[in-house]
file model19.csv (CSV, C-alpha atoms)
chain,number,residue,atom,x,y,z
A,3,MET,CA,-2.1,-0.7,-35.6
A,4,GLU,CA,1.6,-1.6,-35.8
A,5,SER,CA,2.5,2.0,-35.3
A,6,VAL,CA,0.5,2.2,-32.0
A,7,ARG,CA,2.2,-1.0,-30.7
A,8,SER,CA,5.7,0.4,-31.6
A,9,PHE,CA,4.8,3.8,-30.0
A,10,LEU,CA,3.7,2.0,-26.8
A,11,ALA,CA,6.8,-0.2,-26.8
A,12,GLU,CA,9.2,2.7,-27.3
A,13,LYS,CA,7.6,5.4,-25.2
A,14,LEU,CA,5.8,3.6,-22.4
A,15,TRP,CA,7.9,0.4,-21.8
A,16,ASP,CA,10.7,1.0,-19.3
A,17,PRO,CA,12.5,-2.2,-17.9
A,18,GLU,CA,13.8,-0.3,-14.9
A,19,ALA,CA,10.3,1.0,-14.0
A,20,PHE,CA,9.0,-2.6,-14.4
A,21,LYS,CA,11.7,-3.9,-12.0
A,22,PHE,CA,11.1,-1.1,-9.5
A,23,ALA,CA,7.3,-1.7,-9.5
A,24,ALA,CA,7.7,-5.5,-9.4
A,25,GLN,CA,10.3,-5.6,-6.6
A,26,LEU,CA,8.5,-3.0,-4.4
A,27,ASN,CA,5.0,-4.4,-5.0
A,28,THR,CA,6.2,-8.0,-4.4
A,29,VAL,CA,7.6,-7.1,-1.0
A,30,LEU,CA,4.5,-5.0,-0.1
A,31,LEU,CA,2.2,-7.9,-1.1
A,32,VAL,CA,4.2,-10.6,0.8
A,33,VAL,CA,4.2,-8.5,4.0
A,34,PHE,CA,0.6,-7.4,3.7
A,35,TRP,CA,-0.8,-10.9,3.0
A,36,PHE,CA,1.4,-12.5,5.6
A,37,PHE,CA,0.1,-10.3,8.4
A,38,ILE,CA,-3.5,-10.5,7.1
A,39,GLY,CA,-3.3,-14.3,7.2
A,40,TYR,CA,-1.7,-14.2,10.6
A,41,TYR,CA,-4.3,-12.0,12.2
A,42,TYR,CA,-7.1,-13.9,10.4
A,43,ALA,CA,-5.8,-17.2,11.9
A,44,LEU,CA,-5.6,-15.6,15.3
A,45,SER,CA,-9.2,-14.4,15.0
A,46,LYS,CA,-10.3,-18.0,14.4
A,47,ILE,CA,-8.8,-19.4,17.6
A,48,PRO,CA,-11.7,-20.0,20.0
A,49,PHE,CA,-9.5,-19.5,23.1
A,50,LEU,CA,-8.6,-15.9,22.0
A,51,GLN,CA,-12.2,-14.8,21.3
A,52,ARG,CA,-12.6,-13.6,24.9
A,53,TYR,CA,-9.8,-11.1,24.5
A,54,LYS,CA,-11.3,-9.4,21.5
A,55,ILE,CA,-12.0,-5.8,22.1
A,56,GLN,CA,-14.8,-5.5,19.5
A,57,ASN,CA,-17.4,-8.2,20.1
A,58,LYS,CA,-20.6,-6.2,19.8
A,59,PRO,CA,-21.1,-5.3,16.2
A,60,PRO,CA,-22.2,-8.3,14.0
A,61,TYR,CA,-19.5,-9.9,11.9
A,62,PRO,CA,-19.6,-8.4,8.3
A,63,SER,CA,-21.7,-10.2,5.8
A,64,GLU,CA,-20.1,-12.6,3.4
A,65,LYS,CA,-21.0,-10.3,0.5
A,66,LEU,CA,-19.1,-7.4,2.1
A,67,VAL,CA,-16.1,-9.5,2.9
A,68,ARG,CA,-16.0,-10.9,-0.7
A,69,GLU,CA,-16.4,-7.3,-2.1
A,70,CYS,CA,-13.5,-6.2,0.2
A,71,LEU,CA,-11.3,-9.0,-1.0
A,72,VAL,CA,-11.9,-8.3,-4.7
A,73,GLU,CA,-11.3,-4.6,-4.2
A,74,THR,CA,-8.1,-5.2,-2.2
A,75,LEU,CA,-6.9,-7.6,-4.8
A,76,LEU,CA,-7.6,-5.2,-7.6
A,77,ASN,CA,-5.8,-2.4,-5.8
A,78,HIS,CA,-2.8,-4.6,-5.0
A,79,PHE,CA,-2.4,-6.4,-8.2
A,80,ILE,CA,-3.5,-3.8,-10.8
A,81,LEU,CA,-3.7,-0.3,-9.4
A,82,ARG,CA,-0.5,-0.2,-7.2
A,83,PRO,CA,1.8,-1.8,-9.8
A,84,ILE,CA,0.7,0.7,-12.4
A,85,LEU,CA,1.1,3.6,-10.1
A,86,LEU,CA,4.6,2.4,-9.0
A,87,TYR,CA,5.5,1.9,-12.7
A,88,PHE,CA,4.6,5.4,-13.6
A,89,THR,CA,6.2,7.0,-10.5
A,90,TRP,CA,9.6,5.3,-11.2
A,91,PRO,CA,10.9,8.3,-13.2
A,92,VAL,CA,10.3,10.6,-10.2
A,93,PHE,CA,12.1,8.2,-7.9
A,94,LYS,CA,15.0,7.7,-10.4
A,95,ARG,CA,15.3,11.5,-10.7
A,96,PHE,CA,15.9,11.6,-7.0
A,97,GLY,CA,18.5,8.9,-6.9
A,98,ALA,CA,16.6,5.6,-6.6
A,99,GLU,CA,18.2,2.6,-8.2
A,100,VAL,CA,17.1,-0.9,-9.2
A,101,PHE,CA,19.6,-3.8,-9.4
A,102,ASP,CA,19.9,-6.7,-11.7
A,103,ASP,CA,21.9,-8.9,-9.4
A,104,VAL,CA,22.1,-9.5,-5.7
A,105,ALA,CA,25.8,-8.7,-5.4
A,106,ALA,CA,25.4,-5.1,-6.8
A,107,TYR,CA,22.4,-4.6,-4.6
A,108,LEU,CA,24.2,-5.8,-1.4
A,109,THR,CA,27.3,-3.6,-2.0
A,110,SER,CA,25.1,-0.5,-2.2
A,111,VAL,CA,23.3,-1.1,1.1
A,112,PRO,CA,23.9,1.8,3.5
A,113,THR,CA,25.0,1.3,7.1
A,114,ILE,CA,22.7,-0.2,9.7
A,115,GLY,CA,22.6,3.2,11.4
A,116,THR,CA,21.6,5.0,8.2
A,117,ILE,CA,18.8,2.4,7.6
A,118,ALA,CA,17.6,2.7,11.2
A,119,PHE,CA,17.5,6.5,11.1
A,120,GLN,CA,15.7,6.4,7.7
A,121,VAL,CA,13.2,3.8,8.9
A,122,ALA,CA,12.4,5.9,12.0
A,123,ILE,CA,11.9,9.1,10.0
A,124,CYS,CA,9.9,7.3,7.4
A,125,MET,CA,7.6,5.9,10.1
A,126,GLN,CA,7.0,9.5,11.2
A,127,ILE,CA,6.3,10.8,7.7
A,128,ASP,CA,4.0,7.8,7.0
A,129,ASP,CA,2.0,8.4,10.2
A,130,PHE,CA,1.8,12.2,9.5
A,131,TRP,CA,0.7,11.8,5.9
A,132,PHE,CA,-1.7,9.0,6.7
A,133,TYR,CA,-3.3,10.9,9.5
A,134,TRP,CA,-3.9,14.1,7.6
A,135,SER,CA,-4.9,12.4,4.3
A,136,HIS,CA,-7.4,10.3,6.3
A,137,ARG,CA,-8.7,13.3,8.1
A,138,LEU,CA,-9.1,15.1,4.7
A,139,LEU,CA,-11.1,12.2,3.4
A,140,HIS,CA,-13.5,12.7,6.2
A,141,HIS,CA,-14.4,16.2,4.9
A,142,ARG,CA,-18.1,16.2,4.1
A,143,SER,CA,-17.6,17.3,0.5
A,144,ILE,CA,-15.7,14.2,-0.4
A,145,TYR,CA,-16.5,11.6,2.3
A,146,LYS,CA,-19.5,10.0,0.5
A,147,TYR,CA,-17.7,9.8,-2.8
A,148,ILE,CA,-14.3,8.3,-1.7
A,149,HIS,CA,-13.9,7.4,2.0
A,150,LYS,CA,-17.4,6.1,2.9
A,151,LYS,CA,-16.4,2.7,1.4
A,152,HIS,CA,-13.7,2.2,4.1
A,153,HIS,CA,-16.3,2.7,6.8
A,154,GLU,CA,-18.8,0.0,5.5
A,155,PHE,CA,-17.2,-2.3,8.1
A,156,ARG,CA,-18.7,-1.9,11.6
A,157,HIS,CA,-16.8,-4.9,12.9
A,158,THR,CA,-13.1,-4.8,12.0
A,159,ILE,CA,-11.5,-7.8,10.3
A,160,PRO,CA,-7.9,-7.9,9.1
A,161,ILE,CA,-8.6,-7.6,5.3
A,162,ALA,CA,-10.7,-4.4,5.9
A,163,VAL,CA,-7.6,-2.4,6.8
A,164,GLU,CA,-7.0,-1.5,3.1
A,165,TYR,CA,-10.6,-1.7,1.8
A,166,ALA,CA,-10.7,1.6,0.0
A,167,HIS,CA,-11.7,3.5,-3.1
A,168,PRO,CA,-8.8,3.5,-5.6
A,169,VAL,CA,-8.2,7.2,-5.0
A,170,GLU,CA,-8.0,6.6,-1.2
A,171,ASP,CA,-5.7,3.7,-1.8
A,172,PHE,CA,-3.4,5.9,-3.7
A,173,ILE,CA,-3.6,9.0,-1.5
A,174,SER,CA,-3.6,7.4,1.9
A,175,ASN,CA,-2.1,4.0,1.6
A,176,THR,CA,0.4,4.2,-1.2
A,177,VAL,CA,1.7,7.8,-0.9
A,178,SER,CA,2.0,7.5,2.9
A,179,THR,CA,4.3,4.4,2.4
A,180,LEU,CA,6.4,5.9,-0.4
A,181,LEU,CA,6.7,9.6,0.7
A,182,GLY,CA,9.4,9.1,3.4
A,183,PRO,CA,11.7,7.0,1.2
A,184,PHE,CA,11.2,9.5,-1.6
A,185,ILE,CA,12.0,12.5,0.6
A,186,LEU,CA,15.0,10.8,2.2
A,187,ARG,CA,16.2,9.2,-1.1
A,188,SER,CA,16.3,5.9,0.7
A,189,HIS,CA,18.0,2.8,-0.6
A,190,LEU,CA,15.5,0.2,-1.9
A,191,LEU,CA,16.1,-1.8,1.3
A,192,GLY,CA,15.2,1.2,3.4
A,193,MET,CA,12.1,1.7,1.3
A,194,LEU,CA,11.1,-1.9,1.8
A,195,LEU,CA,11.5,-1.8,5.5
call {"tool": "encode", "arguments": {"input": "model19.csv", "output": "structure tokens"}}
result
Amino acid sequence: MESVRSFLAEKLWDPEAFKFAAQLNTVLLVVFWFFIGYYYALSKIPFLQRYKIQNKPPYPSEKLVRECLVETLLNHFILRPILLYFTWPVFKRFGAEVFDDVAAYLTSVPTIGTIAFQVAICMQIDDFWFYWSHRLLHHRSIYKYIHKKHHEFRHTIPIAVEYAHPVEDFISNTVSTLLGPFILRSHLLGMLL
């Protein structure tokens, strides 16, 4: 048993990969849950109900909302950090860095023009990848196995935006976010924006 532990500690543990996954996932979580909370709060203001576009379908059942919340939490707190951890070697190979202190991080930040350019290109890559991967998930041979879960909601609510099978979460949500920074070899700040 000791040899298994030492093998795992030597071969699988990478402090840089852990920092990369922790830093990136923390920012993704903060941004995602901030906006989910914001839009949820807006949806509860009675005055704004008349401006809702989608009033016809019934609000999703409490069971579906709870299932969605559990699935999203599992994807965000378990699946995504593991995927980020194991993709670190690929990002590192293409020039990504993690920093131990803020000063080293700030001195490596590219110019505002470079960041703006990279963010604009990353948005295009994200949109392109997400569109085509989402369209692929509608193919009849895989729809019922992977993507159907996402369409269980007939009435949209903020949390349902990432309600997805783990394969879909990786292919459509995670890869679309990381592909642009990976291709452009963006600084971590550009990746986070």
call {"tool": "atom_distance", "arguments": {"input": "model19.csv", "atom1": "CA of Leu180 in chain A", "atom2": "CA of Leu71 in chain A"}}
result
23.1 Å
call {"tool": "residues_around", "arguments": {"input": "model19.csv", "residues": "Pro160 in chain A", "least_positions_apart": "3", "cutoff": "9 Å", "atoms": "all atoms listed in the file", "output": "list in words"}}
result
Phe37, Ile38, Gly39, Tyr40, Tyr41, Tyr42, Ser45, Val163 and Glu164 of chain A
call {"tool": "residues_around", "arguments": {"input": "model19.csv", "residues": "Ala23 in chain A", "least_positions_apart": "5", "cutoff": "9 Å", "atoms": "only C-alpha atoms", "output": "list in words"}}
result
Glu18, Thr28, Arg82, Pro83, Ile84, Leu85, Leu86, Tyr87, Phe88, Thr89 and Trp90 of chain A
call {"tool": "atom_distance", "arguments": {"input": "model19.csv", "atom1": "CA of Arg156 in chain A", "atom2": "CA of Arg68 in chain A"}}
result
15.5 Å
call {"tool": "atom_distance", "arguments": {"input": "model19.csv", "atom1": "CA of Ala166 in chain A", "atom2": "CA of Phe184 in chain A"}}
result
23.3 Å
call {"tool": "closest_residue", "arguments": {"input": "model19.csv", "among": "A:Tyr147, A:Asn175, A:Ser188, A:His153", "to": "Cys70 in chain A", "atoms": "all atoms listed in the file"}}
result
A:His153
call {"tool": "closest_residue", "arguments": {"input": "model19.csv", "among": "A:Val67, A:Ile144, A:Phe22, A:Cys124", "to": "Pro183 in chain A", "atoms": "all atoms listed in the file"}}
result
A:Cys124
call {"tool": "residues_near_point", "arguments": {"input": "model19.csv", "point": "(11.2, 8.4, 10.5)", "cutoff": "12 Å", "atoms": "all atoms listed in the file", "output": "mmCIF file with C-alpha atoms, keeping the file's coordinate frame"}}
result
data_model
loop_
_atom_site.group_PDB
_atom_site.id
_atom_site.type_symbol
_atom_site.label_atom_id
_atom_site.label_comp_id
_atom_site.auth_asym_id
_atom_site.auth_seq_id
_atom_site.Cartn_x
_atom_site.Cartn_y
_atom_site.Cartn_z
ATOM 1 C CA THR A 116 21.600 5.000 8.200
ATOM 2 C CA ILE A 117 18.800 2.400 7.600
ATOM 3 C CA ALA A 118 17.600 2.700 11.200
ATOM 4 C CA PHE A 119 17.500 6.500 11.100
ATOM 5 C CA GLN A 120 15.700 6.400 7.700
ATOM 6 C CA VAL A 121 13.200 3.800 8.900
ATOM 7 C CA ALA A 122 12.400 5.900 12.000
ATOM 8 C CA ILE A 123 11.900 9.100 10.000
ATOM 9 C CA CYS A 124 9.900 7.300 7.400
ATOM 10 C CA MET A 125 7.600 5.900 10.100
ATOM 11 C CA GLN A 126 7.000 9.500 11.200
ATOM 12 C CA ILE A 127 6.300 10.800 7.700
ATOM 13 C CA ASP A 128 4.000 7.800 7.000
ATOM 14 C CA ASP A 129 2.000 8.400 10.200
ATOM 15 C CA PHE A 130 1.800 12.200 9.500
ATOM 16 C CA TRP A 131 0.700 11.800 5.900
ATOM 17 C CA SER A 178 2.000 7.500 2.900
ATOM 18 C CA THR A 179 4.300 4.400 2.400
ATOM 19 C CA LEU A 181 6.700 9.600 0.700
ATOM 20 C CA GLY A 182 9.400 9.100 3.400
ATOM 21 C CA PRO A 183 11.700 7.000 1.200
ATOM 22 C CA ILE A 185 12.000 12.500 0.600
ATOM 23 C CA LEU A 186 15.000 10.800 2.200
ATOM 24 C CA SER A 188 16.300 5.900 0.700
ATOM 25 C CA GLY A 192 15.200 1.200 3.400
ATOM 26 C CA MET A 193 12.100 1.700 1.300
ATOM 27 C CA LEU A 195 11.500 -1.800 5.500
#
call {"tool": "closest_residue", "arguments": {"input": "model19.csv", "among": "A:Leu30, A:Leu139, A:Ile55, A:Leu190", "to": "His78 in chain A", "atoms": "only C-alpha atoms"}}
result
A:Leu30
call {"tool": "closest_residue", "arguments": {"input": "model19.csv", "among": "A:Gln51, A:Leu194, A:Ile173, A:Asp16", "to": "Val32 in chain A", "atoms": "all atoms listed in the file"}}
result
A:Leu194
call {"tool": "closest_residue", "arguments": {"input": "model19.csv", "among": "A:Lys65, A:Trp35, A:Ser110, A:Glu170", "to": "Leu138 in chain A", "atoms": "all atoms listed in the file"}}
result
A:Glu170
call {"tool": "closest_residue", "arguments": {"input": "model19.csv", "among": "A:Phe96, A:Ile159, A:Ala24, A:Pro112", "to": "Leu44 in chain A", "atoms": "all atoms listed in the file"}}
result
A:Ile159
